[in-house]
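Visitor: Got data_2.csv for you, CSV, C-alpha atoms:
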```
chain,number,residue,atom,x,y,z
A,1,MET,CA,0.0,0.0,0.0
A,2,LYS,CA,1.2,3.5,-0.9
A,3,VAL,CA,1.4,5.9,2.0
A,4,THR,CA,1.7,9.7,1.3
A,5,VAL,CA,2.3,12.3,4.0
A,6,GLU,CA,2.1,15.9,2.8
A,7,GLN,CA,3.1,18.8,5.0
A,8,ILE,CA,0.9,21.8,4.7
A,9,GLY,CA,0.8,25.3,6.2
A,10,CYS,CA,-1.2,26.4,9.2
A,11,ALA,CA,-3.6,28.3,6.9
A,12,HIS,CA,-5.0,25.0,5.6
A,13,GLU,CA,-7.2,22.6,7.3
A,14,GLU,CA,-5.7,19.2,8.1
A,15,GLU,CA,-7.4,16.4,6.1
A,16,LEU,CA,-7.1,12.6,5.7
A,17,ILE,CA,-8.4,10.9,2.6
A,18,VAL,CA,-8.5,7.1,2.6
A,19,ARG,CA,-8.6,5.4,-0.8
A,20,CYS,CA,-9.4,1.8,-0.4
A,21,TYR,CA,-11.0,-1.3,-2.0
A,22,ASP,CA,-13.2,-2.0,1.1
A,23,PRO,CA,-14.4,0.9,3.3
A,24,GLY,CA,-15.4,-1.7,5.9
A,25,ALA,CA,-12.0,-3.1,6.3
A,26,ASP,CA,-10.5,-3.2,9.8
A,27,TRP,CA,-7.5,-1.0,9.0
A,28,VAL,CA,-9.9,1.7,7.5
A,29,GLY,CA,-11.8,1.7,10.8
A,30,GLN,CA,-8.6,2.0,12.8
A,31,VAL,CA,-7.4,4.9,10.6
A,32,THR,CA,-10.6,6.8,10.8
A,33,GLU,CA,-10.9,6.2,14.5
A,34,ALA,CA,-7.4,7.5,15.1
A,35,ALA,CA,-8.0,10.5,12.8
A,36,SER,CA,-11.3,11.4,14.6
A,37,GLY,CA,-9.3,11.7,17.8
A,38,GLN,CA,-7.4,14.5,16.1
A,39,ARG,CA,-10.6,16.5,15.4
A,40,THR,CA,-10.8,19.6,17.5
A,41,VAL,CA,-13.4,21.7,19.3
A,42,CYS,CA,-13.0,25.2,20.7
A,43,GLY,CA,-13.5,25.6,24.4
A,44,TRP,CA,-13.5,28.8,26.4
A,45,GLN,CA,-12.0,29.0,29.9
A,46,GLU,CA,-12.4,32.4,31.4
A,47,ASP,CA,-11.3,34.6,28.4
A,48,THR,CA,-8.9,32.1,26.9
A,49,LEU,CA,-9.8,30.0,23.9
A,50,HIS,CA,-8.5,26.4,23.9
A,51,ARG,CA,-8.4,23.9,21.0
A,52,LEU,CA,-9.4,20.5,22.4
A,53,LYS,CA,-8.9,17.2,20.6
A,54,LEU,CA,-11.8,14.9,20.7
A,55,SER,CA,-9.5,12.3,22.2
A,56,GLN,CA,-9.0,14.6,25.2
A,57,ILE,CA,-12.7,15.1,25.8
A,58,PHE,CA,-14.4,13.0,28.5
A,59,TYR,CA,-17.9,14.3,27.8
A,60,PHE,CA,-19.9,17.2,26.4
A,61,GLU,CA,-23.0,18.4,28.3
A,62,VAL,CA,-25.7,21.0,27.9
A,63,VAL,CA,-26.9,22.6,31.1
A,64,ASP,CA,-29.5,25.4,31.0
A,65,ASP,CA,-28.9,26.0,27.3
A,66,ARG,CA,-25.1,26.4,27.9
A,67,SER,CA,-22.7,23.9,26.5
A,68,PHE,CA,-19.7,22.6,28.4
A,69,VAL,CA,-16.8,20.3,27.5
A,70,TYR,CA,-15.2,18.2,30.2
A,71,THR,CA,-11.7,16.9,30.0
A,72,GLN,CA,-9.7,14.9,32.6
A,73,ALA,CA,-9.8,17.7,35.2
A,74,GLU,CA,-11.0,20.8,33.4
A,75,VAL,CA,-14.3,22.3,32.2
A,76,PHE,CA,-14.6,24.5,29.1
A,77,GLU,CA,-17.6,26.4,27.8
A,78,ALA,CA,-18.3,25.7,24.1
A,79,LYS,CA,-20.5,27.4,21.5
A,80,GLU,CA,-21.8,24.3,19.8
A,81,LYS,CA,-25.3,23.0,20.4
A,82,LEU,CA,-25.7,19.3,21.3
A,83,TYR,CA,-26.8,18.3,17.8
A,84,GLU,CA,-23.8,20.2,16.3
A,85,PHE,CA,-21.4,18.4,18.6
A,86,GLU,CA,-23.1,15.1,17.9
A,87,ARG,CA,-22.6,15.7,14.1
A,88,LEU,CA,-19.0,16.6,14.7
A,89,CYS,CA,-18.5,13.3,16.6
A,90,THR,CA,-19.9,11.1,13.9
A,91,GLY,CA,-17.5,8.2,13.3
A,92,SER,CA,-15.6,8.8,16.5
A,93,VAL,CA,-15.8,7.1,19.9
A,94,LEU,CA,-18.0,9.8,21.3
A,95,PHE,CA,-21.7,8.9,21.4
A,96,ARG,CA,-25.0,10.4,22.7
A,97,CYS,CA,-25.5,8.9,26.2
A,98,SER,CA,-28.5,10.9,27.4
A,99,LYS,CA,-30.8,13.7,26.5
A,100,SER,CA,-28.1,16.3,27.3
A,101,MET,CA,-24.8,14.6,27.1
A,102,ILE,CA,-22.3,13.1,24.6
A,103,LEU,CA,-19.8,10.7,26.2
A,104,ASN,CA,-16.4,9.4,25.1
A,105,ALA,CA,-16.7,5.6,25.2
A,106,GLU,CA,-12.9,5.2,25.6
A,107,LYS,CA,-13.0,7.1,28.9
A,108,ILE,CA,-15.4,4.6,30.5
A,109,ASP,CA,-13.8,2.5,33.2
A,110,TYR,CA,-16.9,0.4,33.8
A,111,VAL,CA,-20.7,0.7,33.9
A,112,ARG,CA,-23.1,-0.4,36.6
A,113,PRO,CA,-26.8,-0.8,36.3
A,114,SER,CA,-29.3,1.1,38.4
A,115,LEU,CA,-32.8,0.2,39.5
A,116,SER,CA,-34.2,3.1,37.4
A,117,GLY,CA,-33.3,1.2,34.2
A,118,ARG,CA,-30.4,3.5,33.4
A,119,PHE,CA,-26.6,2.9,33.8
A,120,GLU,CA,-24.0,4.7,35.7
A,121,ALA,CA,-20.7,5.0,33.8
A,122,VAL,CA,-17.7,5.4,35.9
A,123,LEU,CA,-15.0,7.3,34.0
A,124,SER,CA,-11.3,6.9,34.2
A,125,ASN,CA,-11.0,10.2,36.2
A,126,GLY,CA,-13.5,8.8,38.7
A,127,GLU,CA,-16.5,10.9,37.6
A,128,GLN,CA,-19.9,9.2,37.2
A,129,VAL,CA,-22.3,10.0,34.5
A,130,VAL,CA,-25.7,8.6,33.5
A,131,VAL,CA,-26.2,6.5,30.3
A,132,SER,CA,-29.8,6.2,29.3
A,133,ARG,CA,-31.2,2.9,28.4
A,134,LYS,CA,-32.3,4.4,25.1
A,135,TYR,CA,-28.7,5.0,24.1
A,136,VAL,CA,-27.0,2.0,25.7
A,137,ALA,CA,-27.5,0.1,22.4
A,138,ASP,CA,-25.2,2.7,20.7
A,139,LEU,CA,-22.5,2.1,23.3
A,140,LYS,CA,-22.8,-1.7,22.8
A,141,ARG,CA,-22.6,-1.3,19.0
A,142,MET,CA,-19.6,1.0,19.4
A,143,LEU,CA,-17.8,-1.5,21.7
A,144,GLY,CA,-18.6,-4.4,19.4
A,145,VAL,CA,-21.0,-6.1,21.8
A,146,LEU,CA,-23.8,-5.7,19.2
A,147,GLU,CA,-23.5,-6.0,15.4
A,148,SER,CA,-24.2,-2.8,13.6
B,12,MET,CA,-38.5,-0.2,13.7
B,13,LYS,CA,-36.1,-0.3,16.6
B,14,ASN,CA,-38.7,1.5,18.8
B,15,ILE,CA,-41.5,-0.8,17.7
B,16,MET,CA,-39.5,-3.9,18.6
B,17,LEU,CA,-38.7,-2.3,22.0
B,18,TRP,CA,-42.4,-1.7,22.7
B,19,VAL,CA,-43.4,-5.2,21.5
B,20,ARG,CA,-40.8,-6.7,23.8
B,21,ARG,CA,-42.1,-4.6,26.7
B,22,TYR,CA,-45.7,-5.6,25.9
B,23,VAL,CA,-44.8,-9.3,25.9
B,24,THR,CA,-42.9,-8.9,29.2
B,25,VAL,CA,-45.7,-7.1,31.0
B,26,TYR,CA,-48.3,-9.5,29.6
B,27,GLY,CA,-46.2,-12.4,30.9
B,28,ILE,CA,-45.9,-10.8,34.3
B,29,ILE,CA,-49.7,-10.2,34.6
B,30,MET,CA,-50.3,-13.8,33.5
B,31,LEU,CA,-47.9,-15.0,36.2
B,32,CYS,CA,-49.5,-12.9,38.9
B,33,THR,CA,-53.0,-14.1,37.8
B,34,PHE,CA,-51.9,-17.7,37.9
B,35,PHE,CA,-50.6,-17.4,41.5
B,36,MET,CA,-53.6,-15.3,42.5
B,37,CYS,CA,-56.0,-18.0,41.3
B,38,LEU,CA,-53.9,-20.8,42.7
B,39,LEU,CA,-53.7,-19.2,46.2
B,40,PHE,CA,-57.1,-17.6,46.5
B,41,ASN,CA,-59.5,-19.2,44.1
B,42,PRO,CA,-58.2,-22.6,42.8
B,43,ALA,CA,-61.6,-23.8,41.7
B,44,SER,CA,-62.3,-20.8,39.5
B,45,GLU,CA,-63.1,-21.3,35.8
B,46,LEU,CA,-62.1,-18.6,33.4
B,47,PRO,CA,-63.6,-18.1,29.9
B,48,VAL,CA,-60.2,-18.4,28.1
B,49,ILE,CA,-60.7,-16.0,25.1
B,50,THR,CA,-62.4,-13.2,27.2
B,51,PHE,CA,-59.8,-13.6,29.9
B,52,PHE,CA,-56.8,-13.4,27.6
B,53,GLY,CA,-58.4,-10.4,25.9
B,54,ARG,CA,-58.9,-8.6,29.2
B,55,ILE,CA,-55.3,-9.3,30.2
B,56,MET,CA,-54.2,-7.7,26.9
B,57,VAL,CA,-56.2,-4.6,27.8
B,58,PHE,CA,-54.6,-4.6,31.3
B,59,THR,CA,-51.2,-4.8,29.6
B,60,LEU,CA,-52.0,-2.0,27.2
B,61,ILE,CA,-53.1,0.2,30.2
B,62,GLY,CA,-49.9,-0.7,32.0
B,63,LEU,CA,-47.8,0.5,29.0
B,64,LEU,CA,-49.9,3.6,28.3
B,65,SER,CA,-49.5,4.6,31.9
B,66,LEU,CA,-45.7,4.8,31.4
B,67,VAL,CA,-46.4,8.3,30.0
B,68,VAL,CA,-45.9,9.5,33.7
B,69,TYR,CA,-42.2,8.9,33.1
B,70,TYR,CA,-42.1,11.3,30.1
B,71,SER,CA,-39.8,14.3,30.6
B,72,LYS,CA,-37.8,16.6,28.2
B,73,GLU,CA,-34.9,16.6,30.7
B,74,GLU,CA,-33.1,13.5,32.0
B,75,LEU,CA,-34.9,12.4,35.2
B,76,THR,CA,-32.9,12.6,38.5
B,77,VAL,CA,-33.0,9.5,40.7
B,78,LYS,CA,-35.4,11.3,43.1
B,79,ALA,CA,-37.7,12.3,40.2
B,80,TRP,CA,-37.6,8.7,38.9
B,81,TRP,CA,-38.8,7.4,42.3
B,82,VAL,CA,-41.5,10.0,42.6
B,83,ARG,CA,-42.8,9.0,39.1
B,84,THR,CA,-42.5,5.3,40.0
B,85,VAL,CA,-44.8,5.8,43.0
B,86,LEU,CA,-47.1,7.9,40.8
B,87,HIS,CA,-47.2,5.2,38.2
B,88,LEU,CA,-48.1,2.6,40.8
B,89,LEU,CA,-50.9,4.8,42.1
B,90,LEU,CA,-52.1,5.3,38.6
B,91,LEU,CA,-52.1,1.6,37.9
B,92,GLU,CA,-54.1,0.9,41.1
B,93,ALA,CA,-56.5,3.7,40.3
B,94,VAL,CA,-57.3,2.4,36.8
B,95,LEU,CA,-56.9,-1.3,37.1
B,96,LEU,CA,-58.8,-1.9,40.4
B,97,PRO,CA,-62.2,-0.4,39.2
B,98,LEU,CA,-61.7,-2.1,35.8
B,99,ALA,CA,-61.0,-5.5,37.5
B,100,HIS,CA,-64.0,-5.0,39.7
B,101,HIS,CA,-66.2,-4.3,36.6
B,102,TRP,CA,-65.0,-7.5,35.0
B,103,GLY,CA,-65.6,-9.5,38.2
B,104,PHE,CA,-62.0,-10.2,39.2
B,105,TRP,CA,-62.7,-9.1,42.7
B,106,HIS,CA,-65.9,-8.6,44.7
B,107,SER,CA,-65.5,-8.0,48.5
B,108,GLY,CA,-63.4,-5.8,50.8
B,109,PRO,CA,-60.5,-8.3,51.5
B,110,ASP,CA,-60.3,-9.1,47.7
B,111,ILE,CA,-59.4,-5.5,46.9
B,112,VAL,CA,-56.4,-5.6,49.3
B,113,ILE,CA,-55.2,-8.9,47.7
B,114,TYR,CA,-55.8,-7.5,44.2
B,115,ALA,CA,-54.0,-4.2,45.0
B,116,GLY,CA,-51.1,-6.3,46.5
B,117,PHE,CA,-50.8,-8.2,43.3
B,118,ILE,CA,-50.7,-5.0,41.2
B,119,LEU,CA,-47.8,-3.9,43.5
B,120,LEU,CA,-46.1,-7.3,43.1
B,121,ALA,CA,-46.5,-7.1,39.3
B,122,LYS,CA,-44.9,-3.6,39.3
B,123,ALA,CA,-42.0,-4.8,41.5
B,124,LEU,CA,-41.5,-7.8,39.2
B,125,TRP,CA,-41.5,-5.5,36.2
B,126,LEU,CA,-38.7,-3.5,37.8
B,127,LEU,CA,-36.8,-6.6,38.8
B,128,VAL,CA,-36.9,-8.0,35.2
B,129,ASP,CA,-35.7,-4.7,33.9
B,130,TYR,CA,-32.9,-4.6,36.5
B,131,GLY,CA,-31.9,-8.2,35.6
B,132,ILE,CA,-31.6,-7.2,31.9
B,133,SER,CA,-29.5,-4.2,33.0
B,134,ILE,CA,-27.2,-6.4,35.0
B,135,LYS,CA,-26.6,-8.7,32.0
B,136,THR,CA,-26.1,-5.7,29.7
B,137,ALA,CA,-23.6,-4.0,32.1
B,138,ALA,CA,-21.7,-7.3,32.4
B,139,GLN,CA,-21.4,-7.6,28.6
B,140,ILE,CA,-20.2,-4.0,28.3
B,141,ASN,CA,-17.7,-4.3,31.1
B,142,GLU,CA,-16.3,-7.5,29.6
B,143,ARG,CA,-15.9,-5.8,26.3
B,144,ILE,CA,-14.2,-2.8,27.8
B,145,ARG,CA,-11.8,-5.1,29.7
B,146,ARG,CA,-11.0,-7.0,26.5
B,147,ASN,CA,-10.6,-3.9,24.4
B,148,ARG,CA,-8.2,-2.5,27.0
B,149,LEU,CA,-6.2,-5.8,27.0
B,150,GLU,CA,-6.0,-5.9,23.2
B,151,LYS,CA,-4.8,-2.3,23.2
B,152,ARG,CA,-2.1,-3.0,25.8
B,153,ILE,CA,-0.9,-6.1,23.9
B,154,GLY,CA,-0.9,-4.0,20.7
B,155,LYS,CA,1.3,-1.4,22.3
B,156,GLU,CA,3.8,-4.1,23.6
```
For this file, produce the structure as structure tokens.

Guide:
Amino acid sequence: MKVTVEQIGCAHEEELIVRCYDPGADWVGQVTEAASGQRTVCGWQEDTLHRLKLSQIFYFEVVDDRSFVYTQAEVFEAKEKLYEFERLCTGSVLFRCSKSMILNAEKIDYVRPSLSGRFEAVLSNGEQVVVSRKYVADLKRMLGVLES
Amino acid sequence: MKNIMLWVRRYVTVYGIIMLCTFFMCLLFNPASELPVITFFGRIMVFTLIGLLSLVVYYSKEELTVKAWWVRTVLHLLLLEAVLLPLAHHWGFWHSGPDIVIYAGFILLAKALWLLVDYGISIKTAAQINERIRRNRLEKRIGKE
């Protein structure tokens, strides 16, 4: 297989094009997954703008019509609406886990069931978030428990 | 399609739970009773439909907190008792004072069973997810090495 890496200037957007015989091949999935981790989102902290890679993000939450991005130990305010962020995360390891949250599946340490029919996901930084039953199938599909 | 399947599965589960409760209720309190099969099954189907329609009390635009979920669970139980008891009386499933207590107790039992079945499914799902997370992590570690 031919591999080409081209260096571009900061004025251009970084881009990855995969030319392949089978878009469903394992290596294509691995490449797109790795590339999606390099996608970025802008987050504000006080008056400073930060560029956050998707792979850094633990979850994205909307509270009282304001959007927040949570990383390992920091919180940033974002401009994106939930649906915009959801669109941005297509093909990545982030998935909609409840009515107001998008969660990074790779940051989940383990999940535990609750009597209310929902699940509590314990993240690698110790935080706990709710995964609705409605969206748990997406998590299963993402992890490969369910066939897509 | 996915939603339809979910509701069909719920309908079958609730129908099964009501049938199970009815079986034990008849066995314990009225073993000699004879039920007109088709009418009886039809009525249980109506009970199931009411049970599912009453789930509307859980509807919310926001994600429910644990406390809100418990409040709505109690409300749901009260709603089930308020609708099913008069209907069951109308269809002759209970007649006297002590009957109503037993019948109300069985509705409570059915609701508890419903929650337990749901919880059992959740335990199985969580175990599958955790096993997969563990395996993925192991594969990643081996890949790095």

Visitor: List the neighbours of region 98-109 of chain B out to 12 Å using all atoms listed in the file; skip same-chain residues closer than 4 positions along the sequence, and give me the result as a PDB file with C-alpha atoms, in the frame of the given file.

Guide:
```pdb
ATOM      1  CA  THR B  33     -53.000 -14.100  37.800  1.00  0.00           C
ATOM      2  CA  MET B  36     -53.600 -15.300  42.500  1.00  0.00           C
ATOM      3  CA  CYS B  37     -56.000 -18.000  41.300  1.00  0.00           C
ATOM      4  CA  PHE B  40     -57.100 -17.600  46.500  1.00  0.00           C
ATOM      5  CA  ASN B  41     -59.500 -19.200  44.100  1.00  0.00           C
ATOM      6  CA  SER B  44     -62.300 -20.800  39.500  1.00  0.00           C
ATOM      7  CA  GLU B  45     -63.100 -21.300  35.800  1.00  0.00           C
ATOM      8  CA  LEU B  46     -62.100 -18.600  33.400  1.00  0.00           C
ATOM      9  CA  PRO B  47     -63.600 -18.100  29.900  1.00  0.00           C
ATOM     10  CA  THR B  50     -62.400 -13.200  27.200  1.00  0.00           C
ATOM     11  CA  PHE B  51     -59.800 -13.600  29.900  1.00  0.00           C
ATOM     12  CA  GLY B  53     -58.400 -10.400  25.900  1.00  0.00           C
ATOM     13  CA  ARG B  54     -58.900  -8.600  29.200  1.00  0.00           C
ATOM     14  CA  ILE B  55     -55.300  -9.300  30.200  1.00  0.00           C
ATOM     15  CA  VAL B  57     -56.200  -4.600  27.800  1.00  0.00           C
ATOM     16  CA  PHE B  58     -54.600  -4.600  31.300  1.00  0.00           C
ATOM     17  CA  ILE B  61     -53.100   0.200  30.200  1.00  0.00           C
ATOM     18  CA  LEU B  91     -52.100   1.600  37.900  1.00  0.00           C
ATOM     19  CA  GLU B  92     -54.100   0.900  41.100  1.00  0.00           C
ATOM     20  CA  ALA B  93     -56.500   3.700  40.300  1.00  0.00           C
ATOM     21  CA  VAL B  94     -57.300   2.400  36.800  1.00  0.00           C
ATOM     22  CA  ILE B 113     -55.200  -8.900  47.700  1.00  0.00           C
ATOM     23  CA  TYR B 114     -55.800  -7.500  44.200  1.00  0.00           C
ATOM     24  CA  ALA B 115     -54.000  -4.200  45.000  1.00  0.00           C
ATOM     25  CA  GLY B 116     -51.100  -6.300  46.500  1.00  0.00           C
ATOM     26  CA  PHE B 117     -50.800  -8.200  43.300  1.00  0.00           C
ATOM     27  CA  ILE B 118     -50.700  -5.000  41.200  1.00  0.00           C
TER      28      ILE B 118
END
```

Visitor: Within 10 Å of (-32.2, -4.4, 33.2) (file coordinates; all atoms listed in the file), which protein or nucleic acid residues are there? I'd like them as a ChimeraX atom specification.

Guide: /A:113-119,133 /B:125-137

Visitor: Set out as a Markdown table a contact list for chain A and chain B with a cut-off of 12 Å, giving each residue of chain A that qualifies its closest atom pair and distance in Å to one decimal, counting only C-alpha atoms, ordered by chain and rising residue number.

Guide:
```
| residue | atom | partner | partner_atom | distance |
| --- | --- | --- | --- | --- |
| A:Gln30 | CA | B:Lys151 | CA | 11.9 |
| A:Glu61 | CA | B:Glu74 | CA | 11.8 |
| A:Val62 | CA | B:Glu73 | CA | 10.6 |
| A:Val63 | CA | B:Glu73 | CA | 10.0 |
| A:Asp64 | CA | B:Glu73 | CA | 10.3 |
| A:Asp65 | CA | B:Glu73 | CA | 11.7 |
| A:Cys97 | CA | B:Glu74 | CA | 10.6 |
| A:Ser98 | CA | B:Glu74 | CA | 7.0 |
| A:Lys99 | CA | B:Glu74 | CA | 6.0 |
| A:Ser100 | CA | B:Glu74 | CA | 7.4 |
| A:Met101 | CA | B:Glu74 | CA | 9.7 |
| A:Ala105 | CA | B:Ile144 | CA | 9.1 |
| A:Glu106 | CA | B:Ile144 | CA | 8.4 |
| A:Lys107 | CA | B:Ile144 | CA | 10.0 |
| A:Ile108 | CA | B:Ile144 | CA | 8.0 |
| A:Asp109 | CA | B:Ile144 | CA | 7.6 |
| A:Tyr110 | CA | B:Asn141 | CA | 5.5 |
| A:Val111 | CA | B:Ala137 | CA | 5.8 |
| A:Arg112 | CA | B:Ala137 | CA | 5.8 |
| A:Pro113 | CA | B:Ser133 | CA | 5.5 |
| A:Ser114 | CA | B:Tyr130 | CA | 7.0 |
| A:Leu115 | CA | B:Tyr130 | CA | 5.7 |
| A:Ser116 | CA | B:Trp80 | CA | 6.7 |
| A:Gly117 | CA | B:Tyr130 | CA | 6.3 |
| A:Arg118 | CA | B:Ser133 | CA | 7.8 |
| A:Phe119 | CA | B:Ser133 | CA | 7.7 |
| A:Glu120 | CA | B:Ala137 | CA | 9.4 |
| A:Ala121 | CA | B:Ala137 | CA | 9.6 |
| A:Val122 | CA | B:Asn141 | CA | 10.8 |
| A:Leu123 | CA | B:Ile144 | CA | 11.9 |
| A:Ser124 | CA | B:Ile144 | CA | 12.0 |
| A:Val129 | CA | B:Thr76 | CA | 11.6 |
| A:Val130 | CA | B:Glu74 | CA | 9.0 |
| A:Val131 | CA | B:Glu74 | CA | 10.0 |
| A:Ser132 | CA | B:Glu74 | CA | 8.5 |
| A:Arg133 | CA | B:Ser133 | CA | 8.6 |
| A:Lys134 | CA | B:Asn14 | CA | 9.4 |
| A:Tyr135 | CA | B:Lys13 | CA | 11.8 |
| A:Val136 | CA | B:Thr136 | CA | 8.7 |
| A:Ala137 | CA | B:Thr136 | CA | 9.4 |
| A:Asp138 | CA | B:Ile140 | CA | 11.3 |
| A:Leu139 | CA | B:Ile140 | CA | 8.2 |
| A:Lys140 | CA | B:Ile140 | CA | 6.5 |
| A:Arg141 | CA | B:Ile140 | CA | 10.0 |
| A:Met142 | CA | B:Ile140 | CA | 10.2 |
| A:Leu143 | CA | B:Arg143 | CA | 6.6 |
| A:Gly144 | CA | B:Arg143 | CA | 7.5 |
| A:Val145 | CA | B:Arg143 | CA | 6.8 |
| A:Leu146 | CA | B:Gln139 | CA | 9.9 |
```

Visitor: Could you jot down the CA of Leu149 (chain B) to CA of Val28 (chain A) separation for me, Å, one decimal place?

Guide: 21.2 Å

Visitor: Any idea what the distance is between CA of Gln45 (chain A) and CA of Glu15 (chain A)?

Guide: 27.3 Å

Visitor: Separation of CA of Ile102 (chain A) and CA of Tyr59 (chain A), in Å?

Guide: 5.6 Å

Visitor: Find the residues near Phe85 (chain A): any atom within 10 Å, counting only C-alpha atoms, skip ones fewer than 3 places away on the same chain, and give them as a PDB file with C-alpha atoms, in the coordinates of the input.

Guide:
```pdb
ATOM      1  CA  VAL A  41     -13.400  21.700  19.300  1.00  0.00           C
ATOM      2  CA  PHE A  60     -19.900  17.200  26.400  1.00  0.00           C
ATOM      3  CA  GLU A  61     -23.000  18.400  28.300  1.00  0.00           C
ATOM      4  CA  SER A  67     -22.700  23.900  26.500  1.00  0.00           C
ATOM      5  CA  ALA A  78     -18.300  25.700  24.100  1.00  0.00           C
ATOM      6  CA  LYS A  79     -20.500  27.400  21.500  1.00  0.00           C
ATOM      7  CA  GLU A  80     -21.800  24.300  19.800  1.00  0.00           C
ATOM      8  CA  LYS A  81     -25.300  23.000  20.400  1.00  0.00           C
ATOM      9  CA  LEU A  82     -25.700  19.300  21.300  1.00  0.00           C
ATOM     10  CA  LEU A  88     -19.000  16.600  14.700  1.00  0.00           C
ATOM     11  CA  CYS A  89     -18.500  13.300  16.600  1.00  0.00           C
ATOM     12  CA  THR A  90     -19.900  11.100  13.900  1.00  0.00           C
ATOM     13  CA  LEU A  94     -18.000   9.800  21.300  1.00  0.00           C
ATOM     14  CA  PHE A  95     -21.700   8.900  21.400  1.00  0.00           C
ATOM     15  CA  ARG A  96     -25.000  10.400  22.700  1.00  0.00           C
ATOM     16  CA  MET A 101     -24.800  14.600  27.100  1.00  0.00           C
ATOM     17  CA  ILE A 102     -22.300  13.100  24.600  1.00  0.00           C
TER      18      ILE A 102
END
```

Visitor: Of the residues A:Ala34, A:Asn125, A:Cys20, A:Ser92, which is the one nearest to Gln72 (chain A), using all atoms listed in the file?

Guide: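 Smallest separation from Gln72 (chain A) among the options: A:Asn125.
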
Visitor: With 9 Å as the threshold, what does the neighbourhood of (-43.3, -1.0, 26.3) contain in terms of residues, counting only C-alpha atoms? Coordinates are those of the file; answer as an MDAnalysis selection string.

Guide: chainID B and resid 15 17:25 60 62:64 66

Visitor: List the spatial neighbours of Ala35 (chain A) as JSON, numbers by chain - criterion: any atom at most 12 Å away, all atoms listed in the file, same-chain residues fewer than 2 positions off excluded.

Guide: {"A": [14, 15, 16, 17, 18, 28, 29, 30, 31, 32, 33, 37, 38, 39, 40, 53, 54, 55, 89, 90, 91, 92, 93]}

Visitor: Given the selection you just returned, output its residues as a file containing C-alpha atoms, formatted as a tab-separated table (two decimals), in the frame of the given file.

Guide:
```tsv
chain	number	residue	atom	x	y	z
A	14	GLU	CA	-5.70	19.20	8.10
A	15	GLU	CA	-7.40	16.40	6.10
A	16	LEU	CA	-7.10	12.60	5.70
A	17	ILE	CA	-8.40	10.90	2.60
A	18	VAL	CA	-8.50	7.10	2.60
A	28	VAL	CA	-9.90	1.70	7.50
A	29	GLY	CA	-11.80	1.70	10.80
A	30	GLN	CA	-8.60	2.00	12.80
A	31	VAL	CA	-7.40	4.90	10.60
A	32	THR	CA	-10.60	6.80	10.80
A	33	GLU	CA	-10.90	6.20	14.50
A	37	GLY	CA	-9.30	11.70	17.80
A	38	GLN	CA	-7.40	14.50	16.10
A	39	ARG	CA	-10.60	16.50	15.40
A	40	THR	CA	-10.80	19.60	17.50
A	53	LYS	CA	-8.90	17.20	20.60
A	54	LEU	CA	-11.80	14.90	20.70
A	55	SER	CA	-9.50	12.30	22.20
A	89	CYS	CA	-18.50	13.30	16.60
A	90	THR	CA	-19.90	11.10	13.90
A	91	GLY	CA	-17.50	8.20	13.30
A	92	SER	CA	-15.60	8.80	16.50
A	93	VAL	CA	-15.80	7.10	19.90
```

Visitor: Find the residue from A:Gly126, A:Phe76, A:Ala25, A:Val3 that sits nearest to Arg51 (chain A); use only C-alpha atoms when measuring.

Guide: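 Of A:Gly126, A:Phe76, A:Ala25, A:Val3, the one nearest Arg51 (chain A), counting only C-alpha atoms, is A:Phe76.
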